[in-house]
$ cat start_5.pdb   # PDB, N, CA, C and O atoms
ATOM      1  N   MET A  22      81.754  78.028  77.932
ATOM      2  CA  MET A  22      82.294  79.339  77.642
ATOM      3  C   MET A  22      83.307  79.693  78.722
ATOM      4  O   MET A  22      83.081  79.457  79.905
ATOM      5  N   LEU A  23      84.394  80.270  78.310
ATOM      6  CA  LEU A  23      85.439  80.634  79.249
ATOM      7  C   LEU A  23      85.171  82.001  79.842
ATOM      8  O   LEU A  23      84.832  82.949  79.140
ATOM      9  N   GLY A  24      85.369  82.100  81.159
ATOM     10  CA  GLY A  24      85.239  83.382  81.840
ATOM     11  C   GLY A  24      86.546  84.134  81.769
ATOM     12  O   GLY A  24      87.519  83.666  81.181
ATOM     13  N   PRO A  25      86.575  85.302  82.389
ATOM     14  CA  PRO A  25      87.813  86.058  82.380
ATOM     15  C   PRO A  25      88.916  85.294  83.119
ATOM     16  O   PRO A  25      88.665  84.639  84.116
ATOM     17  N   ARG A  26      90.120  85.359  82.577
ATOM     18  CA  ARG A  26      91.252  84.677  83.177
ATOM     19  C   ARG A  26      91.666  85.397  84.462
ATOM     20  O   ARG A  26      91.774  86.617  84.488
ATOM     21  N   ARG A  27      91.858  84.635  85.506
ATOM     22  CA  ARG A  27      92.261  85.208  86.781
ATOM     23  C   ARG A  27      93.754  85.514  86.740
ATOM     24  O   ARG A  27      94.564  84.666  86.438
ATOM     25  N   SER A  28      94.107  86.728  87.049
ATOM     26  CA  SER A  28      95.503  87.149  87.029
ATOM     27  C   SER A  28      96.243  86.584  88.224
ATOM     28  O   SER A  28      95.724  86.538  89.335
ATOM     29  N   GLU A  29      97.488  86.177  87.984
ATOM     30  CA  GLU A  29      98.347  85.710  89.076
ATOM     31  C   GLU A  29      98.660  86.851  90.040
ATOM     32  O   GLU A  29      99.076  86.619  91.170
ATOM     33  N   LEU A  30      98.454  88.086  89.596
ATOM     34  CA  LEU A  30      98.756  89.253  90.416
ATOM     35  C   LEU A  30      97.597  89.666  91.311
ATOM     36  O   LEU A  30      97.735  90.558  92.144
ATOM     37  N   GLU A  31      96.456  89.031  91.154
ATOM     38  CA  GLU A  31      95.251  89.397  91.898
ATOM     39  C   GLU A  31      95.446  89.452  93.411
ATOM     40  O   GLU A  31      94.901  90.338  94.064
ATOM     41  N   PRO A  32      96.227  88.540  94.006
ATOM     42  CA  PRO A  32      96.396  88.601  95.468
ATOM     43  C   PRO A  32      97.217  89.786  95.967
ATOM     44  O   PRO A  32      97.208  90.087  97.153
ATOM     45  N   LEU A  33      97.914  90.471  95.070
ATOM     46  CA  LEU A  33      98.784  91.568  95.494
ATOM     47  C   LEU A  33      97.992  92.841  95.775
ATOM     48  O   LEU A  33      97.040  93.168  95.068
ATOM     49  N   SER A  34      98.432  93.571  96.800
ATOM     50  CA  SER A  34      97.816  94.858  97.132
ATOM     51  C   SER A  34      98.264  95.898  96.094
ATOM     52  O   SER A  34      99.253  95.686  95.375
ATOM     53  N   PRO A  35      97.563  97.028  96.032
ATOM     54  CA  PRO A  35      97.999  98.084  95.107
ATOM     55  C   PRO A  35      99.444  98.526  95.360
ATOM     56  O   PRO A  35     100.203  98.763  94.420
ATOM     57  N   ARG A  36      99.860  98.615  96.617
ATOM     58  CA  ARG A  36     101.230  99.032  96.928
ATOM     59  C   ARG A  36     102.233  97.966  96.484
ATOM     60  O   ARG A  36     103.298  98.288  95.961
ATOM     61  N   GLU A  37     101.886  96.687  96.678
ATOM     62  CA  GLU A  37     102.762  95.614  96.225
ATOM     63  C   GLU A  37     102.903  95.632  94.707
ATOM     64  O   GLU A  37     103.988  95.421  94.177
ATOM     65  N   LEU A  38     101.818  95.916  94.004
ATOM     66  CA  LEU A  38     101.882  96.033  92.542
ATOM     67  C   LEU A  38     102.777  97.197  92.130
ATOM     68  O   LEU A  38     103.536  97.097  91.165
ATOM     69  N   GLU A  39     102.689  98.284  92.880
ATOM     70  CA  GLU A  39     103.532  99.447  92.594
ATOM     71  C   GLU A  39     105.010  99.089  92.792
ATOM     72  O   GLU A  39     105.862  99.412  91.947
ATOM     73  N   VAL A  40     105.316  98.412  93.890
ATOM     74  CA  VAL A  40     106.698  97.995  94.160
ATOM     75  C   VAL A  40     107.173  97.043  93.071
ATOM     76  O   VAL A  40     108.267  97.202  92.523
ATOM     77  N   LEU A  41     106.360  96.059  92.723
ATOM     78  CA  LEU A  41     106.740  95.094  91.702
ATOM     79  C   LEU A  41     106.931  95.774  90.346
ATOM     80  O   LEU A  41     107.845  95.433  89.592
ATOM     81  N   GLY A  42     106.112  96.741  90.034
ATOM     82  CA  GLY A  42     106.282  97.500  88.795
ATOM     83  C   GLY A  42     107.614  98.225  88.750
ATOM     84  O   GLY A  42     108.285  98.258  87.716
ATOM     85  N   LEU A  43     108.012  98.793  89.882
ATOM     86  CA  LEU A  43     109.303  99.485  89.951
ATOM     87  C   LEU A  43     110.463  98.498  89.855
ATOM     88  O   LEU A  43     111.487  98.796  89.237
ATOM     89  N   VAL A  44     110.294  97.327  90.443
ATOM     90  CA  VAL A  44     111.306  96.272  90.295
ATOM     91  C   VAL A  44     111.429  95.907  88.817
ATOM     92  O   VAL A  44     112.528  95.767  88.284
ATOM     93  N   ALA A  45     110.284  95.776  88.131
ATOM     94  CA  ALA A  45     110.271  95.421  86.712
ATOM     95  C   ALA A  45     110.957  96.488  85.865
ATOM     96  O   ALA A  45     111.523  96.179  84.810
ATOM     97  N   GLU A  46     110.930  97.729  86.320
ATOM     98  CA  GLU A  46     111.611  98.813  85.612
ATOM     99  C   GLU A  46     113.114  98.804  85.881
ATOM    100  O   GLU A  46     113.854  99.589  85.289
ATOM    101  N   GLY A  47     113.559  97.938  86.796
ATOM    102  CA  GLY A  47     114.986  97.806  87.065
ATOM    103  C   GLY A  47     115.495  98.576  88.263
ATOM    104  O   GLY A  47     116.707  98.675  88.459
ATOM    105  N   HIS A  48     114.607  99.118  89.075
ATOM    106  CA  HIS A  48     115.023  99.903  90.239
ATOM    107  C   HIS A  48     115.503  99.006  91.373
ATOM    108  O   HIS A  48     114.950  97.933  91.609
ATOM    109  N   SER A  49     116.518  99.465  92.081
ATOM    110  CA  SER A  49     117.010  98.762  93.269
ATOM    111  C   SER A  49     116.045  99.014  94.432
ATOM    112  O   SER A  49     115.191  99.912  94.365
ATOM    113  N   ASN A  50     116.209  98.228  95.489
ATOM    114  CA  ASN A  50     115.377  98.443  96.678
ATOM    115  C   ASN A  50     115.542  99.863  97.211
ATOM    116  O   ASN A  50     114.564 100.513  97.579
ATOM    117  N   ALA A  51     116.783 100.359  97.250
ATOM    118  CA  ALA A  51     117.041 101.707  97.752
ATOM    119  C   ALA A  51     116.358 102.762  96.877
ATOM    120  O   ALA A  51     115.782 103.730  97.391
ATOM    121  N   ALA A  52     116.410 102.576  95.577
ATOM    122  CA  ALA A  52     115.759 103.525  94.664
ATOM    123  C   ALA A  52     114.242 103.496  94.831
ATOM    124  O   ALA A  52     113.582 104.545  94.804
ATOM    125  N   ILE A  53     113.693 102.308  95.017
ATOM    126  CA  ILE A  53     112.247 102.181  95.233
ATOM    127  C   ILE A  53     111.860 102.873  96.533
ATOM    128  O   ILE A  53     110.872 103.617  96.585
ATOM    129  N   ALA A  54     112.649 102.644  97.580
ATOM    130  CA  ALA A  54     112.369 103.280  98.875
ATOM    131  C   ALA A  54     112.361 104.800  98.738
ATOM    132  O   ALA A  54     111.454 105.472  99.247
ATOM    133  N   GLY A  55     113.348 105.343  98.055
ATOM    134  CA  GLY A  55     113.407 106.789  97.863
ATOM    135  C   GLY A  55     112.239 107.320  97.058
ATOM    136  O   GLY A  55     111.683 108.376  97.365
ATOM    137  N   ARG A  56     111.866 106.586  96.058
ATOM    138  CA  ARG A  56     110.762 107.012  95.187
ATOM    139  C   ARG A  56     109.415 106.986  95.901
ATOM    140  O   ARG A  56     108.538 107.813  95.642
ATOM    141  N   LEU A  57     109.235 105.989  96.794
ATOM    142  CA  LEU A  57     107.955 105.825  97.499
ATOM    143  C   LEU A  57     107.961 106.476  98.880
ATOM    144  O   LEU A  57     106.967 106.387  99.604
ATOM    145  N   PHE A  58     109.095 107.098  99.255
ATOM    146  CA  PHE A  58     109.234 107.749 100.556
ATOM    147  C   PHE A  58     108.995 106.782 101.711
ATOM    148  O   PHE A  58     108.260 107.074 102.664
ATOM    149  N   VAL A  59     109.604 105.595 101.599
ATOM    150  CA  VAL A  59     109.554 104.586 102.660
ATOM    151  C   VAL A  59     110.983 104.122 102.930
ATOM    152  O   VAL A  59     111.913 104.497 102.219
ATOM    153  N   THR A  60     111.154 103.288 103.934
ATOM    154  CA  THR A  60     112.489 102.773 104.253
ATOM    155  C   THR A  60     112.819 101.568 103.387
ATOM    156  O   THR A  60     111.926 100.928 102.819
ATOM    157  N   ASP A  61     114.108 101.253 103.300
ATOM    158  CA  ASP A  61     114.544 100.044 102.585
ATOM    159  C   ASP A  61     113.874  98.812 103.188
ATOM    160  O   ASP A  61     113.489  97.890 102.476
ATOM    161  N   ARG A  62     113.760  98.825 104.501
ATOM    162  CA  ARG A  62     113.151  97.690 105.208
ATOM    163  C   ARG A  62     111.685  97.493 104.780
ATOM    164  O   ARG A  62     111.226  96.363 104.662
ATOM    165  N   THR A  63     110.982  98.584 104.551
ATOM    166  CA  THR A  63     109.592  98.493 104.095
ATOM    167  C   THR A  63     109.527  97.863 102.708
ATOM    168  O   THR A  63     108.672  97.027 102.436
ATOM    169  N   VAL A  64     110.442  98.255 101.831
ATOM    170  CA  VAL A  64     110.495  97.671 100.489
ATOM    171  C   VAL A  64     110.775  96.175 100.598
ATOM    172  O   VAL A  64     110.120  95.362  99.940
ATOM    173  N   GLU A  65     111.725  95.805 101.443
ATOM    174  CA  GLU A  65     112.034  94.386 101.649
ATOM    175  C   GLU A  65     110.814  93.628 102.150
ATOM    176  O   GLU A  65     110.556  92.497 101.723
ATOM    177  N   SER A  66     110.044  94.247 103.034
ATOM    178  CA  SER A  66     108.827  93.622 103.554
ATOM    179  C   SER A  66     107.805  93.412 102.450
ATOM    180  O   SER A  66     107.172  92.349 102.361
ATOM    181  N   HIS A  67     107.640  94.417 101.601
ATOM    182  CA  HIS A  67     106.720  94.282 100.461
ATOM    183  C   HIS A  67     107.180  93.153  99.544
ATOM    184  O   HIS A  67     106.357  92.350  99.080
ATOM    185  N   LEU A  68     108.478  93.079  99.276
ATOM    186  CA  LEU A  68     108.994  92.033  98.394
ATOM    187  C   LEU A  68     108.794  90.642  98.990
ATOM    188  O   LEU A  68     108.411  89.719  98.278
ATOM    189  N   ARG A  69     109.021  90.502 100.294
ATOM    190  CA  ARG A  69     108.765  89.198 100.938
ATOM    191  C   ARG A  69     107.311  88.794 100.769
ATOM    192  O   ARG A  69     106.995  87.643 100.462
ATOM    193  N   SER A  70     106.415  89.745 100.960
ATOM    194  CA  SER A  70     104.983  89.474 100.809
ATOM    195  C   SER A  70     104.641  89.108  99.362
ATOM    196  O   SER A  70     103.868  88.183  99.111
ATOM    197  N   ILE A  71     105.228  89.820  98.412
ATOM    198  CA  ILE A  71     105.014  89.529  96.989
ATOM    199  C   ILE A  71     105.477  88.112  96.675
ATOM    200  O   ILE A  71     104.755  87.335  96.047
ATOM    201  N   PHE A  72     106.678  87.768  97.113
ATOM    202  CA  PHE A  72     107.225  86.431  96.852
ATOM    203  C   PHE A  72     106.324  85.355  97.446
ATOM    204  O   PHE A  72     106.058  84.329  96.816
ATOM    205  N   GLN A  73     105.838  85.607  98.647
ATOM    206  CA  GLN A  73     104.958  84.631  99.308
ATOM    207  C   GLN A  73     103.641  84.483  98.544
ATOM    208  O   GLN A  73     103.193  83.373  98.273
ATOM    209  N   LYS A  74     103.024  85.602  98.186
ATOM    210  CA  LYS A  74     101.739  85.558  97.485
ATOM    211  C   LYS A  74     101.855  84.942  96.095
ATOM    212  O   LYS A  74     100.895  84.366  95.590
ATOM    213  N   LEU A  75     103.024  85.072  95.472
ATOM    214  CA  LEU A  75     103.242  84.484  94.149
ATOM    215  C   LEU A  75     103.816  83.067  94.242
ATOM    216  O   LEU A  75     104.167  82.478  93.222
ATOM    217  N   SER A  76     103.919  82.549  95.458
ATOM    218  CA  SER A  76     104.449  81.195  95.715
ATOM    219  C   SER A  76     105.857  81.021  95.157
ATOM    220  O   SER A  76     106.181  80.010  94.538
ATOM    221  N   LEU A  77     106.691  82.019  95.386
ATOM    222  CA  LEU A  77     108.085  81.972  94.936
ATOM    223  C   LEU A  77     108.956  81.679  96.151
ATOM    224  O   LEU A  77     109.367  82.586  96.875
ATOM    225  N   ASP A  78     109.211  80.408  96.377
ATOM    226  CA  ASP A  78     109.988  79.980  97.529
ATOM    227  C   ASP A  78     111.460  80.314  97.348
ATOM    228  O   ASP A  78     111.983  80.321  96.237
ATOM    229  N   GLU A  79     112.107  80.564  98.462
ATOM    230  CA  GLU A  79     113.537  80.847  98.447
ATOM    231  C   GLU A  79     114.308  79.578  98.091
ATOM    232  O   GLU A  79     114.091  78.526  98.662
ATOM    233  N   SER A  80     115.150  79.687  97.094
ATOM    234  CA  SER A  80     115.932  78.547  96.636
ATOM    235  C   SER A  80     117.199  79.059  95.989
ATOM    236  O   SER A  80     117.191  80.095  95.329
ATOM    237  N   SER A  81     118.266  78.322  96.158
ATOM    238  CA  SER A  81     119.510  78.737  95.528
ATOM    239  C   SER A  81     119.477  78.520  94.018
ATOM    240  O   SER A  81     120.285  79.063  93.284
ATOM    241  N   ALA A  82     118.523  77.736  93.548
ATOM    242  CA  ALA A  82     118.441  77.417  92.119
ATOM    243  C   ALA A  82     117.635  78.440  91.327
ATOM    244  O   ALA A  82     117.666  78.436  90.100
ATOM    245  N   THR A  83     116.889  79.302  91.999
ATOM    246  CA  THR A  83     116.058  80.280  91.290
ATOM    247  C   THR A  83     116.283  81.680  91.854
ATOM    248  O   THR A  83     116.734  81.845  92.976
ATOM    249  N   HIS A  84     115.950  82.654  91.079
ATOM    250  CA  HIS A  84     116.048  84.042  91.505
ATOM    251  C   HIS A  84     114.632  84.592  91.586
ATOM    252  O   HIS A  84     114.013  84.909  90.567
ATOM    253  N   ARG A  85     114.114  84.706  92.807
ATOM    254  CA  ARG A  85     112.707  85.092  93.001
ATOM    255  C   ARG A  85     112.377  86.448  92.390
ATOM    256  O   ARG A  85     111.288  86.639  91.874
ATOM    257  N   ARG A  86     113.298  87.375  92.450
ATOM    258  CA  ARG A  86     113.038  88.711  91.911
ATOM    259  C   ARG A  86     112.775  88.635  90.407
ATOM    260  O   ARG A  86     111.849  89.269  89.902
ATOM    261  N   VAL A  87     113.550  87.845  89.698
ATOM    262  CA  VAL A  87     113.368  87.687  88.255
ATOM    263  C   VAL A  87     112.032  86.994  87.975
ATOM    264  O   VAL A  87     111.274  87.420  87.100
ATOM    265  N   HIS A  88     111.733  85.953  88.722
ATOM    266  CA  HIS A  88     110.462  85.240  88.512
ATOM    267  C   HIS A  88     109.265  86.141  88.812
ATOM    268  O   HIS A  88     108.249  86.078  88.111
ATOM    269  N   ALA A  89     109.380  86.976  89.827
ATOM    270  CA  ALA A  89     108.296  87.906  90.144
ATOM    271  C   ALA A  89     108.088  88.895  89.000
ATOM    272  O   ALA A  89     106.947  89.178  88.607
ATOM    273  N   VAL A  90     109.180  89.413  88.442
ATOM    274  CA  VAL A  90     109.076  90.350  87.313
ATOM    275  C   VAL A  90     108.462  89.659  86.101
ATOM    276  O   VAL A  90     107.596  90.227  85.422
ATOM    277  N   LEU A  91     108.868  88.436  85.815
ATOM    278  CA  LEU A  91     108.288  87.703  84.684
ATOM    279  C   LEU A  91     106.787  87.494  84.885
ATOM    280  O   LEU A  91     106.007  87.631  83.934
ATOM    281  N   THR A  92     106.377  87.171  86.094
ATOM    282  CA  THR A  92     104.955  87.030  86.398
ATOM    283  C   THR A  92     104.240  88.359  86.177
ATOM    284  O   THR A  92     103.160  88.397  85.590
ATOM    285  N   TYR A  93     104.845  89.442  86.626
ATOM    286  CA  TYR A  93     104.270  90.779  86.446
ATOM    287  C   TYR A  93     104.087  91.094  84.960
ATOM    288  O   TYR A  93     103.021  91.541  84.534
ATOM    289  N   LEU A  94     105.109  90.841  84.181
ATOM    290  CA  LEU A  94     105.042  91.146  82.748
ATOM    291  C   LEU A  94     104.018  90.283  82.023
ATOM    292  O   LEU A  94     103.326  90.766  81.120
ATOM    293  N   ARG A  95     103.909  89.014  82.414
ATOM    294  CA  ARG A  95     102.916  88.119  81.800
ATOM    295  C   ARG A  95     101.487  88.550  82.090
ATOM    296  O   ARG A  95     100.595  88.312  81.295
ATOM    297  N   ASN A  96     101.268  89.160  83.234
ATOM    298  CA  ASN A  96      99.922  89.459  83.689
ATOM    299  C   ASN A  96      99.530  90.926  83.609
ATOM    300  O   ASN A  96      98.411  91.279  83.952
ATOM    301  N   SER A  97     100.457  91.781  83.213
ATOM    302  CA  SER A  97     100.166  93.223  83.140
ATOM    303  C   SER A  97      99.461  93.538  81.836
ATOM    304  O   SER A  97      99.740  92.954  80.806
ATOM    305  N   GLU A  98      98.590  94.520  81.933
ATOM    306  CA  GLU A  98      97.938  95.007  80.707
ATOM    307  C   GLU A  98      98.919  95.888  79.983
ATOM    308  O   GLU A  98      99.569  96.734  80.567
ATOM    309  N   VAL A  99      99.055  95.677  78.714
ATOM    310  CA  VAL A  99     100.002  96.451  77.905
ATOM    311  C   VAL A  99      99.282  97.545  77.169
ATOM    312  O   VAL A  99      98.208  97.456  76.757
TER     313      VAL A  99
END
$ encode --input "start_5.pdb" --output "structure tokens"
Amino acid sequence: MLGPRRSELEPLSPRELEVLGLVAEGHSNAAIAGRLFVTDRTVESHLRSIFQKLSLDESSATHRRVHAVLTYLRNSEV
């Protein structure tokens, strides 16, 4: 019998999920910072952590932000 499927988003903190959700809505880093009342640098830090936890390595061949959003959409409850 199969157990519940483990979400790829499980390693993310609630704040990282919030940031990723805003990225998925199309918000820029500056817009996210303004919305969450944090600095742009804090948003960048959250995104670096998200990319690391989702194993999205920096590469010129891929766009980590897009891959992170696709992972979010695949694993979010609709």
$ resolve_selection --input "start_5.pdb" --expression "the PyMOL selection byres ((chain A and resi 89) around 8)" --output "VMD selection string"
chain A and resid 41 to 42 44 to 45 71 to 72 75 77 84 to 88 90 to 96
$ residues_around --input "start_5.pdb" --residues "A:Ile53" --least-positions-apart "5" --cutoff "8 Å" --atoms "all atoms listed in the file" --output "count of residues only"
11
$ atom_distance --input "start_5.pdb" --atom1 "atom CA of A:Thr83" --atom2 "atom O of A:Arg56"
28.9 Å
$ select_by_dssp --input "start_5.pdb" --residues "chain A" --states "alpha helix (DSSP H)" --output "JSON, numbers by chain"
{"A": [35, 36, 37, 38, 39, 40, 41, 42, 43, 44, 45, 50, 51, 52, 53, 54, 55, 56, 57, 61, 62, 63, 64, 65, 66, 67, 68, 69, 70, 71, 72, 73, 74, 85, 86, 87, 88, 89, 90, 91, 92, 93, 94, 95, 96]}
$ resolve_selection --input "start_5.pdb" --expression "the PyMOL selection byres (((chain A and resi 26-34 and name CA) around 7) and name CA)" --output "short mmCIF file (atom, residue, chain, number, x, y, z; two decimals) with N, CA, C and O atoms, keeping the file's coordinate frame"
data_model
loop_
_atom_site.label_atom_id
_atom_site.label_comp_id
_atom_site.auth_asym_id
_atom_site.auth_seq_id
_atom_site.Cartn_x
_atom_site.Cartn_y
_atom_site.Cartn_z
N GLY A 24 85.37 82.10 81.16
CA GLY A 24 85.24 83.38 81.84
C GLY A 24 86.55 84.13 81.77
O GLY A 24 87.52 83.67 81.18
N PRO A 25 86.58 85.30 82.39
CA PRO A 25 87.81 86.06 82.38
C PRO A 25 88.92 85.29 83.12
O PRO A 25 88.66 84.64 84.12
N PRO A 35 97.56 97.03 96.03
CA PRO A 35 98.00 98.08 95.11
C PRO A 35 99.44 98.53 95.36
O PRO A 35 100.20 98.76 94.42
N ARG A 36 99.86 98.62 96.62
CA ARG A 36 101.23 99.03 96.93
C ARG A 36 102.23 97.97 96.48
O ARG A 36 103.30 98.29 95.96
N GLU A 37 101.89 96.69 96.68
CA GLU A 37 102.76 95.61 96.22
C GLU A 37 102.90 95.63 94.71
O GLU A 37 103.99 95.42 94.18
N LEU A 38 101.82 95.92 94.00
CA LEU A 38 101.88 96.03 92.54
C LEU A 38 102.78 97.20 92.13
O LEU A 38 103.54 97.10 91.16
N ILE A 71 105.23 89.82 98.41
CA ILE A 71 105.01 89.53 96.99
C ILE A 71 105.48 88.11 96.68
O ILE A 71 104.76 87.34 96.05
N LYS A 74 103.02 85.60 98.19
CA LYS A 74 101.74 85.56 97.48
C LYS A 74 101.86 84.94 96.10
O LYS A 74 100.90 84.37 95.59
N TYR A 93 104.84 89.44 86.63
CA TYR A 93 104.27 90.78 86.45
C TYR A 93 104.09 91.09 84.96
O TYR A 93 103.02 91.54 84.53
N ASN A 96 101.27 89.16 83.23
CA ASN A 96 99.92 89.46 83.69
C ASN A 96 99.53 90.93 83.61
O ASN A 96 98.41 91.28 83.95
#
$ atom_distance --input "start_5.pdb" --atom1 "atom CA of A:Ser66" --atom2 "atom O of A:Glu79"
16.7 Å
$ atom_distance --input "start_5.pdb" --atom1 "atom C of A:Asp78" --atom2 "atom O of A:Ala54"
25.2 Å
$ axis_aligned_box --input "start_5.pdb" --around "stretch 60-75 of chain A" --padding-each-side "5 Å" --output "AutoDock Vina command-line options"
--center_x 107.7 --center_y 92.9 --center_z 99.2 --size_x 23.6 --size_y 30.8 --size_z 22.0
